[in-house]
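Reading through the structure tokens given below for one structure.
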Amino acid sequence: MAAPAPDFSLAGCWAALEAALRGPCQGQAGRVWFKESSGRNLRGRDWIAPRAALGKLYPRGQVPEDLIERLMSECRHRLYIQSCKQTDSGLVIRLDRPALFMQVLSNLPFYTRTLKAPLAKKKCVILNCVALQGNKGPESLTVSHLRTILLVDHLAVLLRQPGYVVHTTPNLPLKSSVCNFLKLLRVTWPSTRQTISNEGVSNFKKILSESIYTQLGKFETPSDQTHNRLPKDVLFKVHLRQFVKEKGLEGYDANLDMALVQEEALRQIAELQNIVLQEDAEECLVIHVVGCEEEFQQQKIDLLWRILDTSIDRVTQRHLVCGPVKITGESSHINAVHYFQFRRSQMQEASVMKYGNLVQGDSWSEIIGSMTSATIRFELLATAHRSPLNLEVTQAINISTKGTKSGAFVMYNCARLATLFDHFNKSVQQGLYPKFPEISQLNFSALQKEGEWLLLYNYIIPFREVLCQTTQSLSSAKGIRLTISTEIVCKFLVNLSIDFSSYYNHVHILGEESQWSRKLQM
């Protein structure tokens, strides 16, 4: 009985190939193997160990034949290797493509979802969206605020995939105007937890009133009142610099000195602590997602929480800081709501130009809303969050599905796929096409076109690893700042859409005689 086909991963394949070429004396002489990704190179090979890299391990870059034979003997089955040859360019490997098509497409859930490895400890992540703190209305939200909100929404999905327990704060009233605005952007903000009671805030007031780092709002002498009077809405004045120095904390802004504590800050901390206390996780990571303009103030909240409750040692606080968003063009002073409305009107106009009078009714309104949301998400998330972002908001910029770097282009290709499957299923019901056979009955050696292998090898197989790359810094971050590579997903989807679009335009997938379906059947 044949051994079951092993699962395949690019990272695992690379590690095994690297180990196969390195003897005990070679050490770490730099990377040897490289995955091919361009259509031209993939015509003849899938991995290459360039001659220059091999030259650091073997004389003239020639790998001994017995080593190649051993590599094939040990790795052929588990790495799906068809051939391994020495060429003028170096050592090249071609994979058993039909076997990999069968393995991957027979186990799609494994390759399209982040692997939920059993966690040794229950891990909780709280994403604190600073832009939504303070019961702000949507009109007060800037485009920079919107960038942080979409980042929180995106990050929550990524973290739930591998099994983290994720909470987002603050809790918003169910029917608030902010929630309604977020729904237009396809952001569903959870509102399941009850509003923080005044009891938690009262406890914090009592702790601060007795803290050695606190200066109360009442003074003993007229001189104190004259020179040190606090604003009416300020409850306490807290000496943060003294606290940082005594505790030996590092990474905080050197200009942090005093914090004027208002009730709003205490309510924010009370909500965070309430979630921590309700979760029985052994580790709890609190990520303050904040724009660079508000980072200084949020560091005060961080330190104030440390002062209020030093007993919660299982809590780690990190700050994920977004760079500024600069709007250029005739509408350079718009807020988040006007920005959404502007992009939606452009999407409406582009749809009318392409489809004319068909653009009307609830279904088209939903389509335009989805396309607008996707466009905005890609505009705000496709750039690394720590980098500044320049947005041109002008009537001269026409949003369409032709541009290959926008969310609209990605959504357009999603629609192509949905239409393709819908047309096929309806045609099967009408008897025009036979029912699609089981995967085990397909002949994948018939897939010879360049785009077919490229889509599997560059996108379907590595997708799970791409998702893992975006959050791998969670466990390795040092200091109080955190960097998450969420832009990787946007770039991945754009490149996937470009290559799928190219394949779609060159291959007549559903013909009148269903040639594509028949050629796959044995």
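In the structure tokens, chains take the letters A, B, ... in the order shown, each chain's residues start at 1, and ligands count up from 1 in the order shown.
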
What's around Gly90 in chain A at 6 Å? Count only C-alpha atoms, leave out sequence neighbours fewer than 5 positions away in its own chain, and write the answer as an MDAnalysis selection string.
chainID A and resid 49:51

List as a PyMOL selection string the protein and nucleic acid residues near range 330-339 of chain A, meaning an atom at most 12 Å away when only C-alpha atoms are counted, but skip any in the same chain fewer than 3 places from it.
chain A and resi 131+137-150+177-178+180-182+184-185+325-327+342-346+372-373+375-376+379-380+390-397

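Considering the residues A:Pro437, A:Pro190, A:Gly134, A:Pro324 and counting only C-alpha atoms, Lys175 in chain A has its shortest atom-to-atom contact with A:Pro190.
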
Can you list, as a ChimeraX atom specification, every protein, DNA or RNA residue that comes within 12 Å of Ser406 in chain A when you count only C-alpha atoms, leaving out same-chain residues fewer than 4 positions away?
/A:371-382,398-402,410-413,490-491,493-495,497-498

Can you pull out the residues contacting Arg481 in chain A? Cut-off 9 Å, using only C-alpha atoms, and skip same-chain residues under 3 positions away; I want them as a PyMOL selection string.
chain A and resi 251+317-321+477-478

Members of range 255-299 of chain A assigned strand (DSSP E or B) by DSSP, as a list in words:
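Secondary structure check on range 255-299 of chain A, strand (DSSP E or B): Met258, Ala259, Leu260, Val261, Gln262, Glu283, Cys284, Leu285, Val286, Ile287, His288, Val289, Val290 and Gly291 of chain A.
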
From range 477-515 of chain A, collect each residue whose DSSP state is helix (DSSP H, G or I) and return the set as JSON, numbers by chain.
{"A": [487, 488, 489, 490, 491, 492, 493, 494, 495, 496, 497, 498, 499, 500, 501, 502, 503, 504, 505, 506, 515]}

Can you write out the residues you just picked, keeping C-alpha atoms, as a PDB file, in the first residue's frame?
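As written to disk, again.pdb reads:
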```pdb
ATOM      1  CA  GLU A 487       0.371  45.163   4.188  1.00  0.00           C
ATOM      2  CA  ILE A 488       1.652  41.729   3.114  1.00  0.00           C
ATOM      3  CA  VAL A 489      -1.916  40.462   2.687  1.00  0.00           C
ATOM      4  CA  CYS A 490      -2.909  43.428   0.494  1.00  0.00           C
ATOM      5  CA  LYS A 491       0.117  42.992  -1.776  1.00  0.00           C
ATOM      6  CA  PHE A 492      -0.497  39.248  -1.946  1.00  0.00           C
ATOM      7  CA  LEU A 493      -4.126  39.726  -3.052  1.00  0.00           C
ATOM      8  CA  VAL A 494      -3.188  42.334  -5.652  1.00  0.00           C
ATOM      9  CA  ASN A 495      -0.523  40.071  -7.193  1.00  0.00           C
ATOM     10  CA  LEU A 496      -2.914  37.115  -7.117  1.00  0.00           C
ATOM     11  CA  SER A 497      -5.549  39.191  -8.926  1.00  0.00           C
ATOM     12  CA  ILE A 498      -3.046  40.297 -11.577  1.00  0.00           C
ATOM     13  CA  ASP A 499      -1.974  36.727 -12.352  1.00  0.00           C
ATOM     14  CA  PHE A 500      -5.508  35.360 -12.220  1.00  0.00           C
ATOM     15  CA  SER A 501      -6.716  38.132 -14.532  1.00  0.00           C
ATOM     16  CA  SER A 502      -3.948  37.318 -16.999  1.00  0.00           C
ATOM     17  CA  TYR A 503      -4.856  33.631 -16.952  1.00  0.00           C
ATOM     18  CA  TYR A 504      -8.582  34.387 -17.234  1.00  0.00           C
ATOM     19  CA  ASN A 505      -8.008  36.595 -20.277  1.00  0.00           C
ATOM     20  CA  HIS A 506      -5.908  33.971 -22.083  1.00  0.00           C
ATOM     21  CA  GLN A 515     -13.295  21.264 -23.162  1.00  0.00           C
TER      22      GLN A 515
END
```

For Leu159 in chain A, work out the shell of residues within 12 Å, counting only C-alpha atoms and skipping chain neighbours fewer than 6 positions away, then give it as a list in words.
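Listing them by chain and then by number gives Arg113, Thr114, Leu115, Lys116, Lys123, Cys124, Val125, Ile126, Leu127, Val152, Asp153, Val165, Val166, His167, Thr168, Leu285, Leu467, Cys468, Gln469, Thr470, Thr471, Gln472, Ser473, Leu474, Ile484 and Thr486 of chain A.
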
Which residues, written as an mmCIF file with N, CA, C and O atoms, in the first residue's frame, have at least one atom at most 12 Å from range 209-211 of chain A, with only C-alpha atoms counted and residues fewer than 4 positions away on the same chain left out?
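Result went into around-v7.cif, see below:
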```cif
data_model
loop_
_atom_site.group_PDB
_atom_site.id
_atom_site.type_symbol
_atom_site.label_atom_id
_atom_site.label_comp_id
_atom_site.auth_asym_id
_atom_site.auth_seq_id
_atom_site.Cartn_x
_atom_site.Cartn_y
_atom_site.Cartn_z
ATOM 1 N N SER A 202 -14.635 54.355 40.217
ATOM 2 C CA SER A 202 -14.557 54.830 41.608
ATOM 3 C C SER A 202 -13.383 54.193 42.342
ATOM 4 O O SER A 202 -12.682 54.859 43.126
ATOM 5 N N ASN A 203 -13.152 52.905 42.083
ATOM 6 C CA ASN A 203 -12.016 52.234 42.713
ATOM 7 C C ASN A 203 -10.695 52.863 42.278
ATOM 8 O O ASN A 203 -9.773 53.035 43.083
ATOM 9 N N PHE A 204 -10.608 53.196 40.991
ATOM 10 C CA PHE A 204 -9.386 53.824 40.491
ATOM 11 C C PHE A 204 -9.168 55.198 41.121
ATOM 12 O O PHE A 204 -8.044 55.585 41.426
ATOM 13 N N LYS A 205 -10.242 55.938 41.310
ATOM 14 C CA LYS A 205 -10.129 57.256 41.940
ATOM 15 C C LYS A 205 -9.579 57.122 43.361
ATOM 16 O O LYS A 205 -8.728 57.915 43.790
ATOM 17 N N GLN A 215 -0.882 63.997 42.646
ATOM 18 C CA GLN A 215 -1.147 65.305 43.250
ATOM 19 C C GLN A 215 -2.628 65.573 43.083
ATOM 20 O O GLN A 215 -3.154 65.568 41.970
ATOM 21 N N LEU A 216 -3.338 65.767 44.182
ATOM 22 C CA LEU A 216 -4.784 65.928 44.130
ATOM 23 C C LEU A 216 -5.180 67.278 43.561
ATOM 24 O O LEU A 216 -4.385 68.213 43.486
ATOM 25 N N GLY A 217 -6.441 67.382 43.221
ATOM 26 C CA GLY A 217 -6.945 68.634 42.668
ATOM 27 C C GLY A 217 -7.298 69.656 43.725
ATOM 28 O O GLY A 217 -7.810 70.719 43.415
ATOM 29 N N LYS A 218 -7.076 69.351 45.013
ATOM 30 C CA LYS A 218 -7.357 70.298 46.090
ATOM 31 C C LYS A 218 -6.042 70.702 46.747
ATOM 32 O O LYS A 218 -5.114 69.904 46.865
ATOM 33 N N LEU A 235 -9.035 65.365 37.375
ATOM 34 C CA LEU A 235 -9.192 64.810 38.721
ATOM 35 C C LEU A 235 -7.879 64.764 39.486
ATOM 36 O O LEU A 235 -7.830 65.045 40.676
ATOM 37 N N PHE A 236 -6.810 64.372 38.789
ATOM 38 C CA PHE A 236 -5.526 64.196 39.445
ATOM 39 C C PHE A 236 -4.393 64.642 38.530
ATOM 40 O O PHE A 236 -4.536 64.667 37.307
ATOM 41 N N LYS A 237 -3.278 64.943 39.165
ATOM 42 C CA LYS A 237 -2.044 65.200 38.451
ATOM 43 C C LYS A 237 -1.046 64.144 38.903
ATOM 44 O O LYS A 237 -0.680 64.068 40.072
ATOM 45 N N VAL A 238 -0.606 63.286 37.953
ATOM 46 C CA VAL A 238 0.202 62.127 38.307
ATOM 47 C C VAL A 238 1.620 62.294 37.771
ATOM 48 O O VAL A 238 1.823 62.659 36.610
ATOM 49 N N HIS A 239 2.598 61.989 38.609
ATOM 50 C CA HIS A 239 4.010 62.128 38.267
ATOM 51 C C HIS A 239 4.494 60.858 37.555
ATOM 52 O O HIS A 239 4.977 59.923 38.183
ATOM 53 N N LEU A 240 4.390 60.851 36.227
ATOM 54 C CA LEU A 240 4.769 59.670 35.452
ATOM 55 C C LEU A 240 6.281 59.482 35.380
ATOM 56 O O LEU A 240 6.778 58.357 35.427
ATOM 57 N N PHE A 243 7.589 57.657 38.282
ATOM 58 C CA PHE A 243 7.225 56.242 38.237
ATOM 59 C C PHE A 243 8.125 55.476 37.261
ATOM 60 O O PHE A 243 8.617 54.381 37.582
ATOM 61 N N VAL A 261 -5.110 63.685 34.737
ATOM 62 C CA VAL A 261 -6.016 62.535 34.611
ATOM 63 C C VAL A 261 -7.469 62.989 34.643
ATOM 64 O O VAL A 261 -7.922 63.617 35.605
ATOM 65 N N LEU A 304 -0.346 54.951 33.403
ATOM 66 C CA LEU A 304 -1.359 55.150 34.437
ATOM 67 C C LEU A 304 -1.971 53.817 34.852
ATOM 68 O O LEU A 304 -2.227 53.570 36.042
ATOM 69 N N ILE A 307 0.327 52.063 37.187
ATOM 70 C CA ILE A 307 0.266 52.627 38.538
ATOM 71 C C ILE A 307 -0.977 52.149 39.270
ATOM 72 O O ILE A 307 -0.934 51.826 40.457
ATOM 73 N N LEU A 308 -2.085 52.061 38.541
ATOM 74 C CA LEU A 308 -3.360 51.702 39.166
ATOM 75 C C LEU A 308 -3.415 50.243 39.588
ATOM 76 O O LEU A 308 -4.064 49.903 40.584
ATOM 77 N N ASP A 309 -2.766 49.358 38.844
ATOM 78 C CA ASP A 309 -2.837 47.941 39.192
ATOM 79 C C ASP A 309 -1.531 47.254 38.829
ATOM 80 O O ASP A 309 -1.331 46.825 37.695
#
```

Go through A:Arg60, A:Arg76, A:Arg70, A:Lys426 one by one, measure the shortest atom-to-atom distance of each to Cys13 in chain A using only C-alpha atoms, and give the residue with the smallest value.
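Checking each of A:Arg60, A:Arg76, A:Arg70, A:Lys426 against Cys13 in chain A, counting only C-alpha atoms, the winner is A:Arg76.
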
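You can rank A:Phe409, A:Leu95, A:Lys85, A:Arg31 by their closest distance to Asp46 in chain A using only C-alpha atoms, and at the top of that list sits A:Leu95.
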